[in-house]
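The next block holds one structure in the form of structure tokens; read it before the comments.
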Amino acid sequence: MRVILASASPARLQTLRNAGINPEVIVSEVDESVFTAATPSELACLLAEKKAEEVFTRLGSPADTIIIGCDSILDFEGRPQGKPGSPEAAVELLRRTRRRSGVLVTGHHIIVSTDRVQRVNRGGKTIIHVADLSDEEIDAYVATGEPEHVAGGFTIDALGGPFITGIEGDPHNVVGLSLPLVRMMLADCGIQWTSLWGA
């Protein structure tokens with residue numbers, strides 16, 4: 001069975017590899033900026049769907065294939081916070097979220113194409129508690145370039161890890177792909193997780 005990750009995220013790829021699955025990476029060409037939704041959770045799930053479906057269509061609806069699309073958004077005070085995209089935006093976001101908590105939402109969309117095509121779409125949520133960061137710490141972290149390119153402006157698996165004081169929920173979801181959730185989604189399609197080890 002061919003497994004495709006429709007994401008450029010090295011963290012998602014490494015998460016799958018660490019769990020025994022070595023997918024192909026085919027990055028979606030979806031323009032995320034044109035989509036909106038009523039809630040951050042709905043937006044994350046919609047973007048995950050669009051990414052997976054774009055790759056599936058581009059490949060000509062391939063058989064014997066699993067495509068995994070994901071998108072992560074920080075739900076902070078009911079508003080979606082994606083990748084800051086600039087140092088200035090990252091500083092502003094980190095100053096607003098320090099000493100506060102938010103919900104990291106990751107949308108997952110899986111397409112299983114065998115003798116028939118099955119689709120499952122679900123969102124995972126993990127509560128994040130951000131440390132009491134000083135302005136100097138924020139400036140130093142932003143200067144590394146990392147916060148600009150990750151949802152919510154932080155990571156837990158790289159330089160941002162020391163700035164997260166705790167989480168409630170699946171830690172993999174914060175990295176960008178919930179392994180337990182993906183396992184259940186695949187099971188709904190009749191795919192046993194362990195059958196993909198080495199895929």
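Quick note on naming: the chains in the structure tokens go A, B, ... in the order shown, residues restart at 1 in each chain, and ligands are numbered from 1 in order of appearance.
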Excluding Gly85 (chain A) and residues on its chain fewer than 4 positions from it, collect all residues at most 12 Å away from it, counting only C-alpha atoms, and give them as a short mmCIF file (atom, residue, chain, number, x, y, z; two decimals) with all heavy atoms, in the first residue's frame.
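The result, stored in around_11.cif:
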```cif
data_model
loop_
_atom_site.label_atom_id
_atom_site.label_comp_id
_atom_site.auth_asym_id
_atom_site.auth_seq_id
_atom_site.Cartn_x
_atom_site.Cartn_y
_atom_site.Cartn_z
N GLN A 81 -5.12 31.25 14.73
CA GLN A 81 -3.76 31.78 14.60
C GLN A 81 -2.94 30.74 13.85
O GLN A 81 -2.62 29.68 14.39
CB GLN A 81 -3.14 32.02 15.99
CG GLN A 81 -3.99 32.86 16.92
CD GLN A 81 -4.11 34.31 16.48
OE1 GLN A 81 -3.22 34.84 15.82
NE2 GLN A 81 -5.20 34.94 16.83
N ALA A 89 4.99 39.68 13.15
CA ALA A 89 3.76 38.97 13.53
C ALA A 89 4.04 37.92 14.60
O ALA A 89 3.23 37.70 15.50
CB ALA A 89 3.13 38.33 12.31
N ALA A 90 5.21 37.27 14.52
CA ALA A 90 5.57 36.26 15.52
C ALA A 90 5.76 36.89 16.89
O ALA A 90 5.28 36.36 17.90
CB ALA A 90 6.84 35.53 15.09
N VAL A 91 6.44 38.04 16.94
CA VAL A 91 6.64 38.74 18.22
C VAL A 91 5.29 39.14 18.81
O VAL A 91 5.02 38.93 20.01
CB VAL A 91 7.53 39.99 18.03
CG1 VAL A 91 7.47 40.88 19.26
CG2 VAL A 91 8.96 39.58 17.74
N GLU A 92 4.43 39.69 18.00
CA GLU A 92 3.12 40.15 18.46
C GLU A 92 2.31 38.98 19.01
O GLU A 92 1.68 39.08 20.09
CB GLU A 92 2.38 40.83 17.32
CG GLU A 92 1.12 41.58 17.73
CD GLU A 92 -0.12 40.70 17.72
OE1 GLU A 92 -0.14 39.69 16.98
OE2 GLU A 92 -1.07 41.01 18.47
N LEU A 93 2.32 37.85 18.30
CA LEU A 93 1.55 36.68 18.74
C LEU A 93 2.10 36.11 20.04
O LEU A 93 1.34 35.80 20.97
CB LEU A 93 1.57 35.61 17.64
CG LEU A 93 0.83 34.31 17.95
CD1 LEU A 93 -0.64 34.58 18.28
CD2 LEU A 93 0.95 33.34 16.78
N VAL A 142 12.32 34.49 18.20
CA VAL A 142 11.89 34.96 16.88
C VAL A 142 13.09 35.12 15.95
O VAL A 142 13.01 34.84 14.75
CB VAL A 142 11.08 36.26 16.99
CG1 VAL A 142 10.85 36.89 15.62
CG2 VAL A 142 9.75 35.99 17.69
N GLY A 145 14.06 32.35 13.55
CA GLY A 145 13.24 32.11 12.36
C GLY A 145 12.21 31.02 12.53
O GLY A 145 11.29 30.91 11.72
N GLU A 146 12.32 30.22 13.59
CA GLU A 146 11.40 29.09 13.76
C GLU A 146 9.94 29.50 13.92
O GLU A 146 9.06 28.90 13.28
CB GLU A 146 11.85 28.24 14.95
CG GLU A 146 11.00 26.99 15.16
CD GLU A 146 11.49 26.16 16.33
OE1 GLU A 146 12.38 25.32 16.10
OE2 GLU A 146 10.99 26.35 17.46
N PRO A 147 9.62 30.48 14.77
CA PRO A 147 8.21 30.78 15.02
C PRO A 147 7.42 31.24 13.80
O PRO A 147 6.20 31.07 13.75
CB PRO A 147 8.26 31.89 16.07
CG PRO A 147 9.60 31.80 16.69
CD PRO A 147 10.51 31.29 15.61
N GLU A 148 8.09 31.82 12.83
CA GLU A 148 7.39 32.33 11.65
C GLU A 148 6.68 31.24 10.87
O GLU A 148 5.68 31.49 10.19
CB GLU A 148 8.38 33.00 10.68
CG GLU A 148 8.98 34.28 11.18
CD GLU A 148 10.00 34.80 10.17
OE1 GLU A 148 9.63 34.93 8.99
OE2 GLU A 148 11.15 35.05 10.57
N HIS A 149 7.21 30.01 10.95
CA HIS A 149 6.79 28.96 10.02
C HIS A 149 5.98 27.85 10.67
O HIS A 149 5.77 26.81 10.05
CB HIS A 149 8.02 28.38 9.34
CG HIS A 149 8.92 29.42 8.74
ND1 HIS A 149 8.54 30.19 7.66
CD2 HIS A 149 10.14 29.87 9.11
CE1 HIS A 149 9.51 31.04 7.37
NE2 HIS A 149 10.49 30.88 8.23
N VAL A 150 5.52 28.07 11.92
CA VAL A 150 4.76 27.03 12.61
C VAL A 150 3.47 27.62 13.19
O VAL A 150 3.42 28.78 13.59
CB VAL A 150 5.59 26.36 13.73
CG1 VAL A 150 6.69 25.49 13.12
CG2 VAL A 150 6.20 27.39 14.67
N ALA A 151 2.42 26.80 13.21
CA ALA A 151 1.11 27.25 13.69
C ALA A 151 1.21 27.74 15.13
O ALA A 151 1.77 27.06 15.99
CB ALA A 151 0.10 26.11 13.59
N GLY A 152 0.68 28.91 15.37
CA GLY A 152 0.70 29.47 16.71
C GLY A 152 2.00 30.11 17.11
O GLY A 152 2.12 30.70 18.18
N GLY A 153 3.03 30.00 16.27
CA GLY A 153 4.31 30.64 16.54
C GLY A 153 5.22 29.91 17.48
O GLY A 153 6.15 30.50 18.04
#
```
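Counting only C-alpha atoms and comparing A:Ser195, A:Ser113, A:Ser41, A:Asn173, the residue that lies closest to Ile21 (chain A) is A:Ser195.
By only C-alpha atoms, and with residues fewer than 5 positions from Val3 (chain A) along its chain excluded, the set lying at most 6 Å from it is A:Pro23, A:Thr65, A:Ile66.
Using only C-alpha atoms for every distance, the candidate list A:Val174, A:Arg58, A:Gly69, A:Phe154 yields A:Val174 as the residue closest to Val103 (chain A).
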> When DSSP works through the backbone of this structure, what residues of region 5-171 of chain A end up as strand (DSSP E), shown as a PyMOL selection string?
Replying inline: chain A and resi 5+24-25+65-76+79-81+101-113+117-130+164-168
Write out as a compact mmCIF listing (two decimals) with C-alpha atoms, in the first residue's frame the residues lying within 12 Å of Glu29 (chain A), counting only C-alpha atoms and excluding same-chain residues fewer than 3 positions away.
```txt
# COMPACT_ATOMS: atom_id res chain seq x y z
CA ALA A 6 0.29 15.72 1.49
CA SER A 7 2.37 18.10 3.59
CA ALA A 8 5.75 19.83 3.48
CA ILE A 26 3.79 15.08 -2.22
CA GLU A 32 -4.70 28.17 2.11
CA SER A 33 -5.39 31.91 2.21
CA LEU A 47 -7.71 22.87 4.86
CA LYS A 50 -8.40 20.48 0.48
CA LYS A 51 -4.72 19.44 0.71
CA ALA A 52 -5.40 15.71 0.57
CA GLU A 53 -8.01 16.00 -2.18
CA GLU A 54 -5.76 18.20 -4.34
CA VAL A 55 -2.97 15.62 -4.25
CA PHE A 56 -5.44 12.76 -4.87
CA THR A 57 -6.88 14.54 -7.92
CA ARG A 58 -3.45 15.56 -9.24
CA GLY A 69 -3.59 15.65 4.67
```
> Which of these, A:Met184, A:Ile191, A:Leu13, A:Leu94, has the shortest distance to Ala140 (chain A) once you count only C-alpha atoms?
Replying inline: A:Leu94
>> With only C-alpha atoms as the counted atoms, please give the residues lying no more than 12 Å from Glu137 (chain A), apart from itself and same-chain residues fewer than 4 positions off, as an MDAnalysis selection string.
In response: chainID A and resid 91 94:95 98 131:133 141:144 159:160 162:163
>> Taking the DSSP secondary structure from the backbone, can you list the residues of chain A that are alpha helix (DSSP H), as a ChimeraX atom specification?
In response: /A:10-18,40-58,87-97,135-143,171-175,179-188
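Ranking A:Arg2, A:Arg99, A:Lys125, A:Arg116 by their shortest atom-to-atom distance to Cys189 (chain A), with only C-alpha atoms included, puts A:Arg116 first.
Going from CA of Gln14 (chain A) to CA of Val182 (chain A) covers 14.8 Å.
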>> Which residues are close to Glu42 (chain A), i.e. within 10 Å by only C-alpha atoms, leaving aside same-chain residues fewer than 4 positions away? Reply as a list in words.
In response: Thr36, Ala37, Ala38, Leu46, Leu47, Ala48, Val105, Thr106, Gly107, Arg122 and Gly123 of chain A
> Mind pulling up the distance from CA of Pro180 (chain A) to CA of Glu77 (chain A)?
Replying inline: 26.5 Å
>> I want to know what sits within 6 Å of Ile68 (chain A), based on only C-alpha atoms, with residues of the same chain fewer than 5 positions away left out; could you give that as number ranges by chain?
In response: A: 5-6, 109-110
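Between Gly161 (chain A) and the residues A:Ala44, A:Val175, A:Val25, A:Arg119, the shortest atom-to-atom distance, using only C-alpha atoms, involves A:Val175.
In this structure, CA of Trp197 (chain A) sits 25.8 Å away from CA of Cys45 (chain A).
If only C-alpha atoms are the atoms counted, then among A:Pro10, A:Gly124, A:Gly166, A:Gly198 the closest residue to Leu74 (chain A) is A:Gly124.
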